[in-house]
Every structure is written in C-alpha cells, then in structure tokens.
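start37.json (JSON, C-alpha atoms) appears below.
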```
[["chain", "number", "residue", "atom", "x", "y", "z"],
["B", 137, "MET", "CA", 96.18, 166.14, 45.24],
["B", 138, "MET", "CA", 92.82, 166.74, 46.89],
["B", 139, "ARG", "CA", 94.19, 169.79, 48.73],
["B", 140, "LEU", "CA", 95.43, 171.22, 45.46],
["B", 141, "LEU", "CA", 92.02, 170.82, 43.83],
["B", 142, "ILE", "CA", 90.27, 172.38, 46.82],
["B", 143, "GLY", "CA", 92.75, 175.26, 46.76],
["B", 144, "VAL", "CA", 92.24, 175.85, 43.06],
["B", 145, "ALA", "CA", 88.45, 175.73, 43.45],
["B", 146, "ALA", "CA", 88.56, 178.14, 46.40],
["B", 147, "GLY", "CA", 90.85, 180.47, 44.48],
["B", 148, "TYR", "CA", 88.53, 180.41, 41.51],
["B", 149, "VAL", "CA", 85.44, 181.18, 43.59],
["B", 150, "LEU", "CA", 87.14, 183.92, 45.57],
["B", 151, "GLY", "CA", 88.66, 185.34, 42.40],
["B", 152, "THR", "CA", 85.37, 185.53, 40.56],
["B", 153, "ARG", "CA", 83.62, 187.15, 43.52],
["B", 154, "ALA", "CA", 86.36, 189.73, 44.04],
["B", 155, "GLY", "CA", 86.71, 190.52, 40.36],
["B", 156, "ARG", "CA", 89.19, 189.74, 37.64],
["B", 157, "ALA", "CA", 92.10, 191.62, 39.25],
["B", 158, "ARG", "CA", 91.87, 189.63, 42.47],
["B", 159, "TYR", "CA", 91.53, 186.39, 40.50],
["B", 160, "GLU", "CA", 94.71, 187.20, 38.57],
["B", 161, "GLN", "CA", 96.49, 187.97, 41.83],
["B", 162, "ILE", "CA", 95.43, 184.62, 43.35],
["B", 163, "SER", "CA", 96.34, 182.83, 40.14],
["B", 164, "ARG", "CA", 99.83, 184.36, 40.08],
["B", 165, "GLY", "CA", 100.34, 183.38, 43.72],
["B", 166, "ALA", "CA", 99.27, 179.79, 43.06],
["B", 167, "LYS", "CA", 101.56, 179.55, 40.03],
["B", 168, "ALA", "CA", 104.47, 180.98, 42.03],
["B", 169, "ILE", "CA", 103.96, 178.35, 44.73],
["B", 170, "ALA", "CA", 103.55, 175.53, 42.21],
["B", 171, "THR", "CA", 106.72, 176.45, 40.32],
["B", 172, "SER", "CA", 108.92, 177.28, 43.32],
["B", 173, "PRO", "CA", 112.06, 175.18, 43.86],
["B", 174, "ALA", "CA", 110.96, 174.37, 47.43],
["B", 175, "THR", "CA", 107.65, 172.94, 46.22],
["B", 176, "LYS", "CA", 109.39, 170.95, 43.52],
["B", 177, "LYS", "CA", 111.83, 169.53, 46.08],
["B", 178, "VAL", "CA", 108.98, 168.51, 48.43],
["B", 179, "VAL", "CA", 107.16, 166.79, 45.55],
["B", 180, "GLU", "CA", 110.37, 165.04, 44.47],
["B", 181, "ILE", "CA", 111.08, 163.76, 47.99],
["B", 182, "SER", "CA", 107.46, 162.67, 48.45],
["B", 183, "ARG", "CA", 107.49, 160.75, 45.18],
["B", 184, "ALA", "CA", 110.75, 159.04, 46.09],
["B", 185, "LYS", "CA", 109.44, 157.97, 49.51],
["B", 186, "LEU", "CA", 106.19, 156.72, 48.01],
["B", 187, "SER", "CA", 108.05, 154.82, 45.31],
["B", 188, "GLU", "CA", 110.35, 153.29, 47.91],
["B", 189, "SER", "CA", 107.44, 152.21, 50.12],
["B", 190, "LEU", "CA", 105.59, 150.65, 47.17],
["B", 191, "ASP", "CA", 108.62, 148.80, 45.76],
["B", 192, "PRO", "CA", 107.80, 145.06, 45.81],
["B", 193, "ARG", "CA", 111.46, 144.05, 45.89],
["B", 194, "PRO", "CA", 112.77, 143.68, 49.47],
["B", 195, "LYS", "CA", 115.85, 145.64, 50.44],
["B", 196, "LEU", "CA", 118.57, 143.10, 51.16],
["B", 197, "GLU", "CA", 121.29, 143.26, 53.81],
["B", 198, "PRO", "CA", 124.27, 140.92, 54.08],
["B", 199, "LEU", "CA", 123.80, 138.42, 56.91],
["B", 200, "LYS", "CA", 127.16, 136.64, 56.89],
["B", 201, "PRO", "CA", 129.78, 135.72, 54.32],
["B", 202, "VAL", "CA", 129.98, 132.01, 53.46],
["B", 203, "ASP", "CA", 133.30, 132.42, 51.69],
["B", 204, "GLU", "CA", 135.11, 135.13, 49.70],
["B", 205, "GLN", "CA", 132.63, 134.95, 46.81],
["B", 206, "THR", "CA", 129.36, 134.09, 48.56],
["B", 207, "THR", "CA", 127.37, 136.14, 51.06],
["B", 208, "ILE", "CA", 123.92, 135.31, 52.41],
["B", 209, "MET", "CA", 121.50, 138.19, 51.90],
["B", 210, "VAL", "CA", 118.41, 138.71, 54.05],
["B", 211, "PRO", "CA", 115.56, 141.23, 53.67],
["B", 212, "GLN", "CA", 116.01, 144.21, 56.03],
["B", 213, "ASP", "CA", 112.76, 143.60, 57.90],
["B", 214, "GLN", "CA", 113.79, 140.01, 58.73],
["B", 215, "LEU", "CA", 117.22, 141.19, 59.82],
["B", 216, "ARG", "CA", 115.61, 143.68, 62.23],
["B", 217, "LYS", "CA", 113.45, 140.90, 63.69],
["B", 218, "ARG", "CA", 116.52, 138.70, 64.24],
["B", 219, "ARG", "CA", 118.47, 141.53, 65.88],
["B", 220, "GLY", "CA", 115.47, 142.35, 68.09],
["B", 221, "ARG", "CA", 115.39, 138.80, 69.46],
["B", 222, "GLY", "CA", 119.12, 138.59, 70.08]]
```
Just dump the structure as structure tokens.
Amino acid sequence: MMRLLIGVAAGYVLGTRAGRARYEQISRGAKAIATSPATKKVVEISRAKLSESLDPRPKLEPLKPVDEQTTIMVPQDQLRKRRGRG
C-alpha cells in the first residue's frame, strides 16, 4: 500500500512538472497497471495468503482412525513436530 501511495505521489509531482500531457500519460499508465488482470491476480493471491496466515482456526490433519466413524484430528503444526521427532 505504501509503495502505491509513493508511486501516485511521484507520478503527480512528475506530471505537474512536465505539464498536463505528461501527467495524463502517467495517469493512464498507472490506471492500466492497476486494472490489468495480472495485477488483479497478484492482489487476489496476496489477499488469500494473508487471510490464510491470519486465520485463528488451526488446519487439522487426521492422525489415526479410532473406528469407522471416529478419527482423531491434530493441528498441522503439531503433526509436523511429531513427524520430525519420529
């Protein structure tokens, strides 16, 4: 977010110094980048990863079935620790 604000500010300053035509050119370029499918995909992936890392619910993995209807579930990070020891 900070990079975006710095980029917008720099574009504004450069645009006003170079004249209205240059400002419009910079503005069009920034809008093209902001609306491009590649940028949208990067933002979508970044949001998903951030959401996943901030999720307070642990991701559960099956440890072992007790019977046909019951399976013990363990958080992934604990399962990795157990496998690392074994």
Could you jot down the atom CA of B:Ala146 to atom CA of B:Ala166 separation for me, Å, one decimal place?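 We find that atom CA of B:Ala146 and atom CA of B:Ala166 lie 11.3 Å from each other.
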Which one is closest to B:Ala145: B:Ile162, B:Leu190, B:Ala157, B:Ile169? Count all atoms listed in the file. B:Ile162
For atom CA of B:Gly147 and atom CA of B:Lys176, the interatomic separation in Å (one decimal): 20.9 Å
Taking all atoms listed in the file into account, which of B:Ala174, B:Tyr148, B:Ala184, B:Met137 comes nearest B:Glu160?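 Smallest distance to B:Glu160 is found for B:Tyr148.
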Measuring atom to atom with all atoms listed in the file, identify which of B:Val144, B:Leu199, B:Thr206, B:Asp213 is nearest to B:Ala170. B:Val144
Just how far from atom CA of B:Val179 is atom CA of B:Ser163, in Å to one decimal?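 Computing it gives 20.1 Å between the two atoms.
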Size and centre in Å, one decimal, axis-aligned box, all listed stretch 185-188 of chain B atoms plus 6 Å per side, as lines of an AutoDock Vina configuration file:
```
center_x = 108.3
center_y = 155.6
center_z = 47.4
size_x = 16.2
size_y = 16.7
size_z = 16.2
```
Could you check the closest approach to B:Leu140 for each of B:Lys167, B:Arg193, B:Lys200, B:Arg183 and tell me which residue wins, using only C-alpha atoms?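 Smallest separation from B:Leu140 among the options: B:Lys167.
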Could you model N, CA and C atoms for stretch 143-179 of chain B and present them as a PDB file, keeping the file's coordinate frame?
```pdb
ATOM      1  N   GLY B 143      92.132 173.938  46.817  1.00  0.00           N
ATOM      2  CA  GLY B 143      92.750 175.260  46.760  1.00  0.00           C
ATOM      3  C   GLY B 143      92.462 175.985  45.457  1.00  0.00           C
ATOM      4  N   VAL B 144      92.530 175.254  44.363  1.00  0.00           N
ATOM      5  CA  VAL B 144      92.240 175.850  43.060  1.00  0.00           C
ATOM      6  C   VAL B 144      90.769 176.270  42.993  1.00  0.00           C
ATOM      7  N   ALA B 145      89.888 175.405  43.468  1.00  0.00           N
ATOM      8  CA  ALA B 145      88.450 175.730  43.450  1.00  0.00           C
ATOM      9  C   ALA B 145      88.169 176.952  44.321  1.00  0.00           C
ATOM     10  N   ALA B 146      88.759 176.996  45.513  1.00  0.00           N
ATOM     11  CA  ALA B 146      88.560 178.140  46.400  1.00  0.00           C
ATOM     12  C   ALA B 146      89.110 179.414  45.759  1.00  0.00           C
ATOM     13  N   GLY B 147      90.272 179.304  45.156  1.00  0.00           N
ATOM     14  CA  GLY B 147      90.850 180.470  44.480  1.00  0.00           C
ATOM     15  C   GLY B 147      89.980 180.963  43.347  1.00  0.00           C
ATOM     16  N   TYR B 148      89.406 180.028  42.622  1.00  0.00           N
ATOM     17  CA  TYR B 148      88.530 180.410  41.510  1.00  0.00           C
ATOM     18  C   TYR B 148      87.293 181.140  42.029  1.00  0.00           C
ATOM     19  N   VAL B 149      86.661 180.562  43.044  1.00  0.00           N
ATOM     20  CA  VAL B 149      85.440 181.180  43.590  1.00  0.00           C
ATOM     21  C   VAL B 149      85.740 182.541  44.170  1.00  0.00           C
ATOM     22  N   LEU B 150      86.785 182.621  44.973  1.00  0.00           N
ATOM     23  CA  LEU B 150      87.140 183.920  45.570  1.00  0.00           C
ATOM     24  C   LEU B 150      87.533 184.918  44.492  1.00  0.00           C
ATOM     25  N   GLY B 151      88.232 184.444  43.484  1.00  0.00           N
ATOM     26  CA  GLY B 151      88.660 185.340  42.400  1.00  0.00           C
ATOM     27  C   GLY B 151      87.490 185.883  41.615  1.00  0.00           C
ATOM     28  N   THR B 152      86.512 185.043  41.334  1.00  0.00           N
ATOM     29  CA  THR B 152      85.370 185.530  40.560  1.00  0.00           C
ATOM     30  C   THR B 152      84.512 186.469  41.378  1.00  0.00           C
ATOM     31  N   ARG B 153      84.412 186.248  42.673  1.00  0.00           N
ATOM     32  CA  ARG B 153      83.620 187.150  43.520  1.00  0.00           C
ATOM     33  C   ARG B 153      84.318 188.502  43.705  1.00  0.00           C
ATOM     34  N   ALA B 154      85.625 188.486  43.796  1.00  0.00           N
ATOM     35  CA  ALA B 154      86.360 189.730  44.040  1.00  0.00           C
ATOM     36  C   ALA B 154      86.684 190.470  42.750  1.00  0.00           C
ATOM     37  N   GLY B 155      86.420 189.863  41.630  1.00  0.00           N
ATOM     38  CA  GLY B 155      86.710 190.520  40.360  1.00  0.00           C
ATOM     39  C   GLY B 155      87.932 189.920  39.694  1.00  0.00           C
ATOM     40  N   ARG B 156      88.117 190.292  38.468  1.00  0.00           N
ATOM     41  CA  ARG B 156      89.190 189.740  37.640  1.00  0.00           C
ATOM     42  C   ARG B 156      90.575 190.045  38.197  1.00  0.00           C
ATOM     43  N   ALA B 157      90.782 191.234  38.735  1.00  0.00           N
ATOM     44  CA  ALA B 157      92.100 191.620  39.250  1.00  0.00           C
ATOM     45  C   ALA B 157      92.502 190.724  40.421  1.00  0.00           C
ATOM     46  N   ARG B 158      91.572 190.489  41.310  1.00  0.00           N
ATOM     47  CA  ARG B 158      91.870 189.630  42.470  1.00  0.00           C
ATOM     48  C   ARG B 158      92.112 188.192  42.012  1.00  0.00           C
ATOM     49  N   TYR B 159      91.338 187.744  41.034  1.00  0.00           N
ATOM     50  CA  TYR B 159      91.530 186.390  40.500  1.00  0.00           C
ATOM     51  C   TYR B 159      92.930 186.249  39.907  1.00  0.00           C
ATOM     52  N   GLU B 160      93.366 187.235  39.164  1.00  0.00           N
ATOM     53  CA  GLU B 160      94.710 187.200  38.570  1.00  0.00           C
ATOM     54  C   GLU B 160      95.779 187.181  39.661  1.00  0.00           C
ATOM     55  N   GLN B 161      95.551 187.936  40.728  1.00  0.00           N
ATOM     56  CA  GLN B 161      96.490 187.970  41.830  1.00  0.00           C
ATOM     57  C   GLN B 161      96.585 186.581  42.494  1.00  0.00           C
ATOM     58  N   ILE B 162      95.454 185.958  42.756  1.00  0.00           N
ATOM     59  CA  ILE B 162      95.430 184.620  43.350  1.00  0.00           C
ATOM     60  C   ILE B 162      96.087 183.619  42.406  1.00  0.00           C
ATOM     61  N   SER B 163      95.789 183.735  41.137  1.00  0.00           N
ATOM     62  CA  SER B 163      96.340 182.830  40.140  1.00  0.00           C
ATOM     63  C   SER B 163      97.860 182.940  40.079  1.00  0.00           C
ATOM     64  N   ARG B 164      98.371 184.156  40.089  1.00  0.00           N
ATOM     65  CA  ARG B 164      99.830 184.360  40.080  1.00  0.00           C
ATOM     66  C   ARG B 164     100.470 183.760  41.328  1.00  0.00           C
ATOM     67  N   GLY B 165      99.822 183.944  42.468  1.00  0.00           N
ATOM     68  CA  GLY B 165     100.340 183.380  43.720  1.00  0.00           C
ATOM     69  C   GLY B 165     100.385 181.860  43.671  1.00  0.00           C
ATOM     70  N   ALA B 166      99.321 181.257  43.165  1.00  0.00           N
ATOM     71  CA  ALA B 166      99.270 179.790  43.060  1.00  0.00           C
ATOM     72  C   ALA B 166     100.341 179.282  42.095  1.00  0.00           C
ATOM     73  N   LYS B 167     100.526 179.968  40.987  1.00  0.00           N
ATOM     74  CA  LYS B 167     101.560 179.550  40.030  1.00  0.00           C
ATOM     75  C   LYS B 167     102.954 179.708  40.624  1.00  0.00           C
ATOM     76  N   ALA B 168     103.166 180.769  41.398  1.00  0.00           N
ATOM     77  CA  ALA B 168     104.470 180.980  42.030  1.00  0.00           C
ATOM     78  C   ALA B 168     104.776 179.856  43.019  1.00  0.00           C
ATOM     79  N   ILE B 169     103.771 179.452  43.777  1.00  0.00           N
ATOM     80  CA  ILE B 169     103.960 178.350  44.730  1.00  0.00           C
ATOM     81  C   ILE B 169     104.221 177.050  43.986  1.00  0.00           C
ATOM     82  N   ALA B 170     103.433 176.786  42.953  1.00  0.00           N
ATOM     83  CA  ALA B 170     103.550 175.530  42.210  1.00  0.00           C
ATOM     84  C   ALA B 170     104.887 175.404  41.489  1.00  0.00           C
ATOM     85  N   THR B 171     105.467 176.511  41.078  1.00  0.00           N
ATOM     86  CA  THR B 171     106.720 176.450  40.320  1.00  0.00           C
ATOM     87  C   THR B 171     107.954 176.735  41.176  1.00  0.00           C
ATOM     88  N   SER B 172     107.770 176.957  42.477  1.00  0.00           N
ATOM     89  CA  SER B 172     108.920 177.280  43.320  1.00  0.00           C
ATOM     90  C   SER B 172     109.825 176.073  43.508  1.00  0.00           C
ATOM     91  N   PRO B 173     111.124 176.287  43.652  1.00  0.00           N
ATOM     92  CA  PRO B 173     112.060 175.180  43.860  1.00  0.00           C
ATOM     93  C   PRO B 173     111.743 174.395  45.140  1.00  0.00           C
ATOM     94  N   ALA B 174     111.278 175.069  46.171  1.00  0.00           N
ATOM     95  CA  ALA B 174     110.960 174.370  47.430  1.00  0.00           C
ATOM     96  C   ALA B 174     109.807 173.395  47.221  1.00  0.00           C
ATOM     97  N   THR B 175     108.777 173.823  46.493  1.00  0.00           N
ATOM     98  CA  THR B 175     107.650 172.940  46.220  1.00  0.00           C
ATOM     99  C   THR B 175     108.089 171.764  45.366  1.00  0.00           C
ATOM    100  N   LYS B 176     108.903 172.027  44.376  1.00  0.00           N
ATOM    101  CA  LYS B 176     109.390 170.950  43.520  1.00  0.00           C
ATOM    102  C   LYS B 176     110.210 169.945  44.317  1.00  0.00           C
ATOM    103  N   LYS B 177     111.014 170.416  45.255  1.00  0.00           N
ATOM    104  CA  LYS B 177     111.830 169.530  46.080  1.00  0.00           C
ATOM    105  C   LYS B 177     110.940 168.666  46.975  1.00  0.00           C
ATOM    106  N   VAL B 178     109.902 169.265  47.577  1.00  0.00           N
ATOM    107  CA  VAL B 178     108.980 168.510  48.430  1.00  0.00           C
ATOM    108  C   VAL B 178     108.274 167.427  47.612  1.00  0.00           C
ATOM    109  N   VAL B 179     107.830 167.767  46.416  1.00  0.00           N
ATOM    110  CA  VAL B 179     107.160 166.790  45.550  1.00  0.00           C
ATOM    111  C   VAL B 179     108.131 165.676  45.166  1.00  0.00           C
TER     112      VAL B 179
END
```
